[in-house]
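Chemist: my_file-v9.cif is reproduced in full below (mmCIF, C-alpha atoms and all ligand atoms).
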```cif
data_run
#
loop_
_atom_site.label_atom_id
_atom_site.label_comp_id
_atom_site.auth_asym_id
_atom_site.auth_seq_id
_atom_site.Cartn_x
_atom_site.Cartn_y
_atom_site.Cartn_z
CA MET A 1 0.00 0.00 0.00
CA LYS A 2 1.20 3.46 -0.84
CA THR A 3 2.20 5.54 2.16
CA PRO A 4 -0.05 8.58 2.38
CA MET A 5 1.75 11.87 2.53
CA ILE A 6 1.05 13.93 5.57
CA THR A 7 1.14 17.54 4.56
CA ARG A 8 1.96 19.47 7.67
CA TYR A 9 0.27 22.68 8.56
CA GLU A 10 2.64 25.65 8.92
CA GLY A 11 5.20 24.60 6.39
CA GLY A 12 6.18 21.25 7.79
CA VAL A 13 7.48 22.35 11.18
CA HIS A 14 7.33 18.80 12.43
CA THR A 15 8.50 16.91 9.37
CA ASP A 16 11.87 16.19 11.02
CA LYS A 17 10.03 14.15 13.63
CA LEU A 18 7.97 12.17 11.15
CA SER A 19 8.89 8.56 11.34
CA THR A 20 9.67 7.12 7.94
CA ARG A 21 8.91 3.65 9.22
CA LEU A 22 6.84 1.64 6.74
CA LEU A 23 4.78 -1.43 7.31
CA LEU A 24 7.30 -4.19 6.70
CA PRO A 25 6.08 -7.20 4.73
CA GLU A 26 7.26 -9.63 7.43
CA GLU A 27 5.12 -7.92 10.06
CA GLN A 28 2.44 -10.32 11.22
CA PRO A 29 -1.12 -9.02 11.58
CA GLU A 30 -1.04 -9.89 15.27
CA SER A 31 2.33 -8.31 15.89
CA TRP A 32 0.61 -5.60 17.94
CA LYS A 33 0.50 -8.03 20.85
CA LYS A 34 4.26 -8.39 20.75
CA VAL A 35 4.68 -4.63 20.58
CA LEU A 36 2.33 -4.28 23.53
CA ALA A 37 4.15 -6.92 25.58
CA ASP A 38 7.45 -5.18 24.82
CA SER A 39 6.28 -1.84 26.31
CA VAL A 40 8.66 0.16 28.48
CA THR A 41 7.58 -0.03 32.13
CA ASP A 42 10.85 0.85 33.87
CA PRO A 43 11.37 4.61 34.37
CA GLU A 44 15.14 4.22 34.30
CA GLU A 45 15.00 2.51 30.91
CA LEU A 46 12.78 5.29 29.57
CA LEU A 47 15.18 8.02 30.70
CA GLY A 48 18.04 6.06 29.10
CA ILE A 49 16.28 5.68 25.74
CA LEU A 50 15.42 9.37 25.62
CA ASN A 51 18.75 10.57 26.94
CA LEU A 52 17.13 12.45 29.83
CA PRO A 53 18.70 13.54 33.13
CA LYS A 54 18.71 11.13 36.07
CA THR A 55 17.24 13.90 38.24
CA LEU A 56 13.83 12.91 36.82
CA LEU A 57 14.16 9.40 38.24
CA PRO A 58 12.97 9.80 41.89
CA GLY A 59 9.73 11.50 40.81
CA ALA A 60 9.20 8.93 38.07
CA ILE A 61 9.69 6.06 40.51
CA SER A 62 7.27 7.49 43.07
CA GLY A 63 4.62 8.22 40.41
CA ASP A 64 5.07 4.76 38.93
CA LYS A 65 4.27 3.20 42.32
CA ALA A 66 0.84 4.90 42.46
CA PHE A 67 -0.07 4.24 38.80
CA SER A 68 2.39 2.17 36.85
CA MET A 69 4.22 3.61 33.89
CA ARG A 70 3.52 1.81 30.61
CA ILE A 71 4.60 3.08 27.20
CA PRO A 72 4.78 1.08 23.96
CA ARG A 73 7.96 1.70 21.98
CA PRO A 74 6.33 3.04 18.77
CA TYR A 75 5.00 5.91 20.89
CA ILE A 76 8.44 6.55 22.39
CA ASP A 77 9.87 6.61 18.83
CA ARG A 78 7.86 9.79 18.20
CA MET A 79 9.36 11.66 21.17
CA ILE A 80 12.21 14.10 20.79
CA ARG A 81 15.43 12.82 22.33
CA GLY A 82 16.82 14.91 25.18
CA ASP A 83 13.68 17.02 25.62
CA GLN A 84 12.03 16.49 28.99
CA PHE A 85 9.21 18.83 27.91
CA ASP A 86 8.33 16.78 24.84
CA PRO A 87 4.51 16.84 24.59
CA LEU A 88 4.24 13.07 24.19
CA LEU A 89 6.60 12.38 27.08
CA ARG A 90 4.66 14.74 29.37
CA GLN A 91 1.56 12.59 28.94
CA VAL A 92 3.20 9.41 30.16
CA LEU A 93 6.18 10.26 32.37
CA PRO A 94 5.31 9.81 36.08
CA LEU A 95 6.13 12.89 38.14
CA GLY A 96 6.46 13.56 41.87
CA GLU A 97 3.62 16.13 41.65
CA GLU A 98 1.16 13.31 41.14
CA SER A 99 1.22 12.38 44.81
CA GLU A 100 0.12 15.86 45.95
CA GLU A 101 -3.40 15.84 47.31
CA ILE A 102 -5.23 18.88 46.01
CA SER A 103 -8.70 19.84 47.12
CA GLY A 104 -11.35 19.55 44.42
CA TYR A 105 -9.59 16.56 42.84
CA SER A 106 -11.21 13.24 43.66
CA LEU A 107 -10.70 9.54 43.07
CA ASP A 108 -13.92 9.17 41.05
CA PRO A 109 -14.64 12.62 39.55
CA LEU A 110 -17.31 11.27 37.19
CA ALA A 111 -19.12 9.29 39.89
CA GLU A 112 -19.16 6.40 37.42
CA GLN A 113 -18.80 3.81 40.09
CA SER A 114 -22.48 4.26 40.87
CA GLN A 115 -23.84 4.26 37.29
CA ASN A 116 -23.74 0.58 36.45
CA PRO A 117 -27.14 -1.02 35.78
CA THR A 118 -25.30 -4.29 35.27
CA GLU A 119 -21.61 -5.17 35.52
CA GLY A 120 -19.50 -3.74 32.70
CA ILE A 121 -22.15 -1.27 31.50
CA ILE A 122 -22.30 2.47 32.12
CA HIS A 123 -25.64 3.85 31.00
CA LYS A 124 -25.72 7.58 31.73
CA TYR A 125 -26.90 9.13 28.46
CA GLN A 126 -30.03 8.60 26.41
CA GLY A 127 -29.82 6.38 23.36
CA ARG A 128 -26.27 5.21 23.92
CA LEU A 129 -24.31 3.34 26.53
CA LEU A 130 -20.78 2.33 27.31
CA MET A 131 -19.59 -1.25 27.54
CA ILE A 132 -16.36 -1.73 29.43
CA VAL A 133 -14.74 -4.29 27.19
CA SER A 134 -11.26 -4.33 28.62
CA GLY A 135 -9.78 -2.92 31.79
CA ALA A 136 -6.36 -2.77 30.20
CA CYS A 137 -4.82 0.06 28.21
CA ALA A 138 -1.88 -0.03 25.86
CA ILE A 139 -0.47 3.06 27.51
CA ASN A 140 -0.96 4.61 30.92
CA CYS A 141 -1.70 8.32 30.56
CA ARG A 142 -0.92 10.28 33.71
CA PHE A 143 -3.95 12.57 33.42
CA CYS A 144 -6.48 9.77 33.12
CA PHE A 145 -9.37 9.18 35.52
CA ARG A 146 -8.70 5.49 35.02
CA ARG A 147 -5.82 5.72 37.48
CA HIS A 148 -8.33 5.14 40.27
CA PHE A 149 -11.18 3.26 38.62
CA PRO A 150 -11.31 -0.37 39.75
CA TYR A 151 -11.69 -1.78 36.25
CA GLY A 152 -10.35 -5.10 37.39
CA ASP A 153 -13.74 -5.72 39.06
CA ASN A 154 -15.74 -4.34 36.19
CA GLN A 155 -15.09 -6.27 33.01
CA LEU A 156 -17.37 -8.22 30.81
CA GLY A 157 -17.03 -11.96 30.72
CA GLY A 158 -19.14 -15.07 31.14
CA GLU A 159 -22.28 -14.33 33.13
CA SER A 160 -21.83 -10.54 33.19
CA TRP A 161 -21.55 -10.52 29.41
CA LYS A 162 -24.87 -12.35 29.07
CA GLN A 163 -26.50 -9.92 31.48
CA ALA A 164 -25.11 -6.96 29.54
CA ILE A 165 -26.51 -8.27 26.26
CA ALA A 166 -29.87 -8.96 27.93
CA TYR A 167 -29.90 -5.41 29.29
CA ILE A 168 -29.23 -3.83 25.87
CA ARG A 169 -31.89 -6.07 24.32
CA SER A 170 -34.41 -4.92 26.92
CA GLN A 171 -33.72 -1.20 26.34
CA GLU A 172 -35.15 -0.34 22.94
CA SER A 173 -34.04 3.27 23.26
CA ILE A 174 -30.41 2.21 22.83
CA HIS A 175 -29.33 2.80 19.24
CA GLU A 176 -25.63 3.00 19.79
CA VAL A 177 -23.26 0.83 21.75
CA ILE A 178 -19.91 2.33 22.65
CA LEU A 179 -17.09 -0.06 23.35
CA SER A 180 -14.92 1.54 25.97
CA GLY A 181 -12.46 0.66 28.69
CA GLY A 182 -9.64 0.91 29.53
CA ASP A 183 -9.00 0.48 25.85
CA PRO A 184 -11.46 -1.86 24.09
CA LEU A 185 -8.91 -2.63 21.39
CA ALA A 186 -6.68 -4.18 24.04
CA ALA A 187 -9.05 -7.15 23.70
CA THR A 188 -8.34 -9.68 20.95
CA ASP A 189 -10.02 -9.55 17.56
CA SER A 190 -11.68 -12.92 18.11
CA ARG A 191 -13.28 -11.76 21.37
CA LEU A 192 -14.36 -8.46 19.85
CA ALA A 193 -15.77 -10.20 16.77
CA ARG A 194 -17.93 -12.42 19.02
CA MET A 195 -19.17 -9.39 20.95
CA VAL A 196 -20.04 -7.49 17.79
CA ASP A 197 -21.88 -10.54 16.45
CA ALA A 198 -24.09 -10.58 19.53
CA LEU A 199 -24.70 -6.82 19.33
CA SER A 200 -25.58 -7.05 15.61
CA ASP A 201 -28.38 -9.45 16.52
CA ILE A 202 -30.16 -6.76 18.53
CA PRO A 203 -32.36 -4.94 15.98
CA HIS A 204 -32.55 -1.54 17.72
CA VAL A 205 -28.76 -1.21 17.88
CA LYS A 206 -27.68 0.66 14.74
CA THR A 207 -24.25 2.07 15.48
CA LEU A 208 -21.10 0.59 16.92
CA ARG A 209 -18.73 3.17 18.35
CA ILE A 210 -15.25 2.51 19.71
CA HIS A 211 -13.31 4.90 21.90
CA THR A 212 -9.67 3.99 21.70
CA ARG A 213 -6.14 5.28 21.87
CA LEU A 214 -4.60 2.10 20.46
CA PRO A 215 -4.44 3.06 16.75
CA ILE A 216 -2.41 6.09 17.85
CA VAL A 217 -0.16 4.27 20.28
CA ILE A 218 0.34 1.02 18.31
CA PRO A 219 -0.85 1.50 14.71
CA GLN A 220 -0.33 -2.22 14.00
CA ARG A 221 -3.50 -2.74 16.06
CA VAL A 222 -5.57 -1.91 12.98
CA THR A 223 -5.52 -5.47 11.65
CA ASP A 224 -7.40 -6.94 8.70
CA GLU A 225 -9.50 -8.87 11.23
CA MET A 226 -10.43 -5.64 12.94
CA ILE A 227 -11.52 -4.10 9.64
CA GLU A 228 -13.65 -7.19 9.10
CA TRP A 229 -15.58 -7.21 12.43
CA PHE A 230 -15.73 -3.45 12.73
CA CYS A 231 -16.49 -2.23 9.21
CA LYS A 232 -18.02 -5.13 7.32
CA GLY A 233 -21.05 -5.96 9.47
CA ARG A 234 -24.52 -4.45 9.84
CA LEU A 235 -23.64 -1.77 12.41
CA LYS A 236 -22.42 1.67 11.33
CA PRO A 237 -18.80 1.95 12.45
CA VAL A 238 -17.64 5.05 14.30
CA LEU A 239 -14.13 5.24 15.68
CA VAL A 240 -13.23 7.95 18.16
CA ILE A 241 -9.48 8.10 18.62
CA HIS A 242 -7.85 9.93 21.50
CA CYS A 243 -5.08 12.06 20.13
CA ASN A 244 -3.68 15.02 22.05
CA HIS A 245 -0.86 16.30 19.84
CA ALA A 246 0.04 16.33 16.13
CA ASN A 247 3.35 14.57 16.88
CA GLU A 248 1.33 11.50 17.84
CA ILE A 249 0.41 10.99 14.18
CA ASP A 250 3.28 9.59 12.17
CA ASP A 251 3.09 7.90 8.74
CA HIS A 252 2.26 4.52 10.17
CA VAL A 253 -0.60 5.91 12.28
CA ALA A 254 -1.96 7.87 9.30
CA GLN A 255 -1.78 4.77 7.14
CA SER A 256 -3.79 2.72 9.68
CA LEU A 257 -6.41 5.46 9.93
CA GLN A 258 -6.72 5.66 6.15
CA LYS A 259 -7.35 1.93 6.05
CA LEU A 260 -10.27 2.30 8.46
CA ARG A 261 -11.66 5.22 6.53
CA GLN A 262 -11.44 3.44 3.22
CA ALA A 263 -13.38 0.58 4.82
CA GLY A 264 -16.18 3.02 5.66
CA ALA A 265 -15.59 3.99 9.28
CA THR A 266 -16.40 7.51 10.46
CA LEU A 267 -13.28 8.78 12.24
CA LEU A 268 -13.44 11.37 15.01
CA ASN A 269 -10.98 12.57 17.60
CA GLN A 270 -11.24 13.67 21.17
CA THR A 271 -8.51 15.60 22.90
CA VAL A 272 -7.91 16.44 26.52
CA LEU A 273 -6.67 19.98 27.03
CA LEU A 274 -3.43 19.51 28.96
CA ARG A 275 -1.00 22.02 30.41
CA GLY A 276 2.42 21.60 28.87
CA VAL A 277 1.09 19.34 26.10
CA ASN A 278 -1.38 21.21 23.90
CA ASP A 279 -2.38 24.38 25.74
CA ASN A 280 -1.87 26.88 22.94
CA ALA A 281 -3.86 27.71 19.84
CA GLU A 282 -1.08 26.92 17.32
CA THR A 283 -0.62 23.43 18.76
CA LEU A 284 -4.37 22.81 18.63
CA ALA A 285 -4.61 24.12 15.06
CA ASP A 286 -1.69 21.94 14.03
CA LEU A 287 -3.45 18.95 15.63
CA SER A 288 -6.72 19.67 13.79
CA HIS A 289 -4.99 19.99 10.43
CA THR A 290 -2.88 16.88 10.94
CA LEU A 291 -5.95 14.90 11.95
CA PHE A 292 -7.82 16.13 8.90
CA ASP A 293 -4.96 15.08 6.65
CA ALA A 294 -5.29 11.60 8.18
CA GLY A 295 -9.05 11.54 7.54
CA VAL A 296 -10.18 12.39 11.07
CA LEU A 297 -12.44 15.22 12.23
CA PRO A 298 -12.07 16.81 15.67
CA TYR A 299 -15.00 16.01 17.98
CA TYR A 300 -14.47 17.01 21.61
CA LEU A 301 -11.90 19.09 23.41
CA HIS A 302 -12.25 18.01 27.01
CA LEU A 303 -11.40 20.01 30.04
CA LEU A 304 -9.51 17.76 32.42
CA ASP A 305 -11.51 15.53 34.73
CA ARG A 306 -10.53 16.62 38.22
CA VAL A 307 -8.84 13.41 39.22
CA GLN A 308 -6.33 13.22 42.04
CA GLY A 309 -2.77 13.18 40.74
CA ALA A 310 -3.53 15.16 37.56
CA ALA A 311 -3.92 18.70 38.91
CA HIS A 312 -0.66 19.86 37.29
CA PHE A 313 -2.27 19.28 33.86
CA ASP A 314 -5.32 21.45 34.51
CA ILE A 315 -6.17 24.46 32.35
CA ALA A 316 -8.61 27.00 33.76
CA GLU A 317 -11.93 27.25 31.94
CA GLU A 318 -11.33 30.94 31.08
CA LYS A 319 -8.03 30.12 29.40
CA ALA A 320 -9.65 27.24 27.52
CA LYS A 321 -12.31 29.56 26.11
CA VAL A 322 -9.65 31.98 24.88
CA LEU A 323 -7.80 29.13 23.19
CA VAL A 324 -10.88 27.87 21.38
CA ASN A 325 -11.73 31.39 20.29
CA GLU A 326 -8.25 31.73 18.79
CA LEU A 327 -8.66 28.36 17.16
CA MET A 328 -11.90 29.49 15.54
CA HIS A 329 -9.98 32.34 13.90
CA GLN A 330 -7.26 30.02 12.64
CA CYS A 331 -9.29 27.03 11.40
CA PRO A 332 -12.43 26.37 9.40
CA GLY A 333 -15.39 25.58 11.64
CA TYR A 334 -15.26 21.86 10.94
CA LEU A 335 -11.76 21.70 12.43
CA VAL A 336 -12.79 23.29 15.74
CA PRO A 337 -13.71 20.70 18.39
CA LYS A 338 -16.50 21.32 20.90
CA LEU A 339 -15.19 22.42 24.26
CA VAL A 340 -16.80 20.26 26.94
CA ARG A 341 -16.50 19.15 30.49
CA GLU A 342 -17.91 15.99 31.96
CA VAL A 343 -20.06 16.78 34.96
CA ALA A 344 -21.25 13.94 37.16
CA GLY A 345 -25.00 13.46 36.91
CA GLU A 346 -25.54 15.47 33.70
CA ALA A 347 -27.40 13.89 30.78
CA SER A 348 -24.60 14.61 28.31
CA LYS A 349 -21.16 16.16 28.18
CA THR A 350 -21.49 19.75 29.31
CA PRO A 351 -20.69 22.27 26.55
CA ILE A 352 -18.63 25.29 27.63
CA PRO A 353 -19.90 28.47 25.92
CA ILE A 354 -17.06 30.20 24.11
CA ASN A 355 -18.32 33.76 24.01
C1 LIG B 1 -18.95 10.38 26.85
C2 LIG B 1 -19.93 9.34 27.15
C3 LIG B 1 -20.81 8.87 26.18
C4 LIG B 1 -20.79 9.41 24.76
O1 LIG B 1 -21.22 10.70 24.71
P1 LIG B 1 -21.32 11.45 23.30
O2 LIG B 1 -21.65 12.85 23.65
O3 LIG B 1 -22.37 10.76 22.52
O4 LIG B 1 -19.99 11.30 22.66
C5 LIG B 1 -21.74 7.92 26.51
N1 LIG B 1 -21.80 7.42 27.77
C6 LIG B 1 -20.97 7.83 28.73
C7 LIG B 1 -21.09 7.25 30.08
C8 LIG B 1 -20.00 8.80 28.47
O5 LIG B 1 -19.17 9.18 29.41
S1 LIG B 2 -8.26 5.25 29.07
FE1 LIG B 2 -7.27 6.42 27.41
S2 LIG B 2 -6.39 8.23 28.41
FE2 LIG B 2 -6.83 6.69 30.01
S3 LIG B 2 -4.92 5.57 30.31
FE3 LIG B 2 -6.17 4.43 28.83
S4 LIG B 2 -5.46 5.19 26.84
FE4 LIG B 2 -4.78 6.68 28.36
#
```
Before we go any further, please render this structure as structure tokens.
Ligand SMILES: *Cc1c(COP(=O)(O)O)cnc(C)c1O
Ligand code: SF4

Modeler:
Amino acid sequence: MKTPMITRYEGGVHTDKLSTRLLLPEEQPESWKKVLADSVTDPEELLGILNLPKTLLPGAISGDKAFSMRIPRPYIDRMIRGDQFDPLLRQVLPLGEESEEISGYSLDPLAEQSQNPTEGIIHKYQGRLLMIVSGACAINCRFCFRRHFPYGDNQLGGESWKQAIAYIRSQESIHEVILSGGDPLAATDSRLARMVDALSDIPHVKTLRIHTRLPIVIPQRVTDEMIEWFCKGRLKPVLVIHCNHANEIDDHVAQSLQKLRQAGATLLNQTVLLRGVNDNAETLADLSHTLFDAGVLPYYLHLLDRVQGAAHFDIAEEKAKVLVNELMHQCPGYLVPKLVREVAGEASKTPIPIN
């Protein structure tokens, strides 16, 4: 397959960081599992690979103890060597600040632990619900609410799976099932294919949505089997990727996304607004344009969930509004994501008015 060209916004500022890695013929479709198993989990190894100062080690070790560090190597390949402020590194490097307890930041900011009608299901919004397919993620993002959610106790399997399917069948208002996690694509294709088969048998379910970071982190995850169970069945496929910075999209990622798009999937992106990662209008505009070049439209720009350990990433709402206003001046409307916050108990994401 021909490698799509990624035309960079602003005259190719980032082209030096674009990986030229191509999909090698000897790569097995399931090689993503090997890549996943080979992730870097030792902070000292990470600092060595990136040529970063040892002074970062004590903070990284203490953060790793609270929420373990986990970074697949293809993601590390896109970081800039020697730069401790690299926007990809910032998202995954454990820091000492994470152990500070800050008022207003809780262990379960979304109060999701009390929204389960049956195990593995979160039904908060009308017409759509989340299924927690896998508690695992390919990467552990430091800002994520998942750092405290007991997903280990809340996964679908055996009896709970049957109950979940029975629940969806009994709720005719549900038109869309969202596979979530953790990262749903951390589950195997054969397990996902079986799940999608069962969902396809429920007539009122029309759309299958997946929220995932895996195609960004390990692009090999977009296998031919995945295309088959996701794009070739009765349900309309919608893929929402979680991409926070243009540098996360290299040629291999773009190629995997194009494959999904060519197979008919609608591709959207959600971003978390993060201090030190993407908190300026140029970075956000660059992200929108890079996504568009890869066939993805921006969907949501989330204000941070106030989860303990992530306060150092927070951007004040006022600043966020200014950023989105600037973005509206720089980009066509379809490249401006909706600024939202998730508020426990609300019937949808809560839009933040810009003006
Ligand atoms: C975000 C979310 C959804 C999806 O909301 P959309 O606005 O349709 O993207 C559904 N259920 C839960 C519990 C959610 O948190
Ligand atoms: S759920 Fe998403 S943001 Fe959270 S750790 Fe997993 S991949 Fe990262």

Chemist: Work out where the centre of an axis-aligned box around every listed atom of stretch 198-201 of chain A lies and how long its edges are once 6 Å is added on each side; give both in Å to one decimal as lines of an AutoDock Vina configuration file.

Modeler:
```
center_x = -26.2
center_y = -8.7
center_z = 17.6
size_x = 16.3
size_y = 15.8
size_z = 15.9
```

Chemist: So what do you get for atom CA of A:Val205 versus atom CA of A:Leu129, distance-wise?

Modeler: 10.7 Å

Chemist: Find the residues of chain A that sit at most 7 Å from ligand LIG 2 (chain B); for each, write down the nearest two atoms and how far apart they are in Å, to one decimal. Count only C-alpha atoms and all ligand atoms. Sort by chain, then by number going up, and give it as CSV.

Modeler:
```
residue,atom,partner,partner_atom,distance
A:Cys137,CA,B:LIG2,FE3,4.6
A:Ala138,CA,B:LIG2,S4,6.4
A:Ile139,CA,B:LIG2,S4,5.5
A:Asn140,CA,B:LIG2,S3,4.1
A:Cys141,CA,B:LIG2,FE4,4.1
A:Cys144,CA,B:LIG2,FE2,4.4
A:Phe145,CA,B:LIG2,FE2,6.6
A:Arg146,CA,B:LIG2,FE2,5.5
A:Gly181,CA,B:LIG2,S1,6.2
A:Gly182,CA,B:LIG2,S1,4.6
A:Asp183,CA,B:LIG2,FE3,5.7
A:Thr212,CA,B:LIG2,FE1,6.7
A:Arg213,CA,B:LIG2,S4,5.0
A:His242,CA,B:LIG2,FE1,6.9
```

Chemist: Please identify every polymer residue within 7 Å of ligand LIG 1 (chain B), using all atoms listed in the file, and present the set as JSON, numbers by chain.

Modeler: {"A": [122, 123, 124, 125, 128, 129, 130, 348, 349]}

Chemist: For the selection just defined, write its residues with C-alpha atoms to a file, as a PDB file, in the frame of the given file.

Modeler:
```pdb
ATOM      1  CA  ILE A 122     -22.300   2.470  32.120  1.00  0.00           C
ATOM      2  CA  HIS A 123     -25.640   3.850  31.000  1.00  0.00           C
ATOM      3  CA  LYS A 124     -25.720   7.580  31.730  1.00  0.00           C
ATOM      4  CA  TYR A 125     -26.900   9.130  28.460  1.00  0.00           C
ATOM      5  CA  ARG A 128     -26.270   5.210  23.920  1.00  0.00           C
ATOM      6  CA  LEU A 129     -24.310   3.340  26.530  1.00  0.00           C
ATOM      7  CA  LEU A 130     -20.780   2.330  27.310  1.00  0.00           C
ATOM      8  CA  SER A 348     -24.600  14.610  28.310  1.00  0.00           C
ATOM      9  CA  LYS A 349     -21.160  16.160  28.180  1.00  0.00           C
TER      10      LYS A 349
END
```

Chemist: For the atom pair atom CA of A:Ala37 and atom CA of A:Lys259, what is the interatomic distance in Å to one decimal place?

Modeler: 24.3 Å

Chemist: Per residue of stretch 273-335 of chain A within 8 Å of stretch 76-88 of chain A, what are the shortest atom pair and its distance in Å to one decimal, counting only C-alpha atoms, with rows by chain and residue number, as a tab-separated table?

Modeler:
```
residue	atom	partner	partner_atom	distance
A:Gly276	CA	A:Pro87	CA	6.7
A:Val277	CA	A:Pro87	CA	4.5
A:Asn278	CA	A:Pro87	CA	7.4
```

Chemist: For a quick check of understanding, using only C-alpha atoms, which of A:Asn269, A:Cys331, A:Ala166, A:Thr55 has the smallest distance to A:Ile210?

Modeler: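 Between A:Asn269, A:Cys331, A:Ala166, A:Thr55, the residue approaching A:Ile210 most closely is A:Asn269.
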
Chemist: Hey, what's within 9 Å of A:Asn325 if we count only C-alpha atoms and toss same-chain stuff fewer than 5 positions away? As a ChimeraX atom specification, please?

Modeler: /A:281,320,330,354-355

Chemist: Once you count all atoms listed in the file, which residues end up no further than 10 Å from (-23.9, -8.5, 33.8) in the file's frame, shown as an mmCIF file with C-alpha atoms, in the frame of the given file?

Modeler:
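Output (part.cif):
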```cif
data_model
loop_
_atom_site.group_PDB
_atom_site.id
_atom_site.type_symbol
_atom_site.label_atom_id
_atom_site.label_comp_id
_atom_site.auth_asym_id
_atom_site.auth_seq_id
_atom_site.Cartn_x
_atom_site.Cartn_y
_atom_site.Cartn_z
ATOM 1 C CA ASN A 116 -23.740 0.580 36.450
ATOM 2 C CA PRO A 117 -27.140 -1.020 35.780
ATOM 3 C CA THR A 118 -25.300 -4.290 35.270
ATOM 4 C CA GLU A 119 -21.610 -5.170 35.520
ATOM 5 C CA GLY A 120 -19.500 -3.740 32.700
ATOM 6 C CA ILE A 121 -22.150 -1.270 31.500
ATOM 7 C CA ASN A 154 -15.740 -4.340 36.190
ATOM 8 C CA GLN A 155 -15.090 -6.270 33.010
ATOM 9 C CA LEU A 156 -17.370 -8.220 30.810
ATOM 10 C CA GLY A 157 -17.030 -11.960 30.720
ATOM 11 C CA GLY A 158 -19.140 -15.070 31.140
ATOM 12 C CA GLU A 159 -22.280 -14.330 33.130
ATOM 13 C CA SER A 160 -21.830 -10.540 33.190
ATOM 14 C CA TRP A 161 -21.550 -10.520 29.410
ATOM 15 C CA LYS A 162 -24.870 -12.350 29.070
ATOM 16 C CA GLN A 163 -26.500 -9.920 31.480
ATOM 17 C CA ALA A 164 -25.110 -6.960 29.540
ATOM 18 C CA ILE A 165 -26.510 -8.270 26.260
ATOM 19 C CA ALA A 166 -29.870 -8.960 27.930
ATOM 20 C CA TYR A 167 -29.900 -5.410 29.290
#
```

Chemist: Could you name the residues that touch A:Phe67 at 8 Å or less, counting only C-alpha atoms, but leaving out those on the same chain fewer than 2 positions away, as a list in words?

Modeler: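 With the cut-off at 8 Å, the set is Gly63, Asp64, Lys65, Met69, Asn140, Arg142 and Arg147 of chain A.
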
Chemist: Print the selection's residues with C-alpha atoms to a file, as a PDB file, in the frame of the given file.

Modeler:
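Output below, filename again01.pdb:
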```pdb
ATOM      1  CA  GLY A  63       4.620   8.220  40.410  1.00  0.00           C
ATOM      2  CA  ASP A  64       5.070   4.760  38.930  1.00  0.00           C
ATOM      3  CA  LYS A  65       4.270   3.200  42.320  1.00  0.00           C
ATOM      4  CA  MET A  69       4.220   3.610  33.890  1.00  0.00           C
ATOM      5  CA  ASN A 140      -0.960   4.610  30.920  1.00  0.00           C
ATOM      6  CA  ARG A 142      -0.920  10.280  33.710  1.00  0.00           C
ATOM      7  CA  ARG A 147      -5.820   5.720  37.480  1.00  0.00           C
TER       8      ARG A 147
END
```

Chemist: Excluding A:Leu339 and residues on its chain fewer than 6 positions from it, collect all residues at most 12 Å away from it, counting only C-alpha atoms, and give them as a list of chain:residue names.

Modeler: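 The filter keeps A:Gln270, A:Thr271, A:Val272, A:Leu273, A:Pro298, A:Tyr299, A:Tyr300, A:Leu301, A:His302, A:Leu303, A:Leu304, A:Glu317, A:Glu318, A:Lys319, A:Ala320, A:Lys321, A:Val322, A:Leu323, A:Val324, A:Asn325, A:Leu327, A:Met328, A:Lys349, A:Thr350, A:Pro351, A:Ile352, A:Pro353, A:Ile354, A:Asn355.
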
Chemist: So, counting only C-alpha atoms, which residue among A:Val343, A:Leu239, A:Leu291, A:Arg234 is closest to A:Gln255?

Modeler: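 Answer, going by the shortest atom-to-atom distance: A:Leu291.
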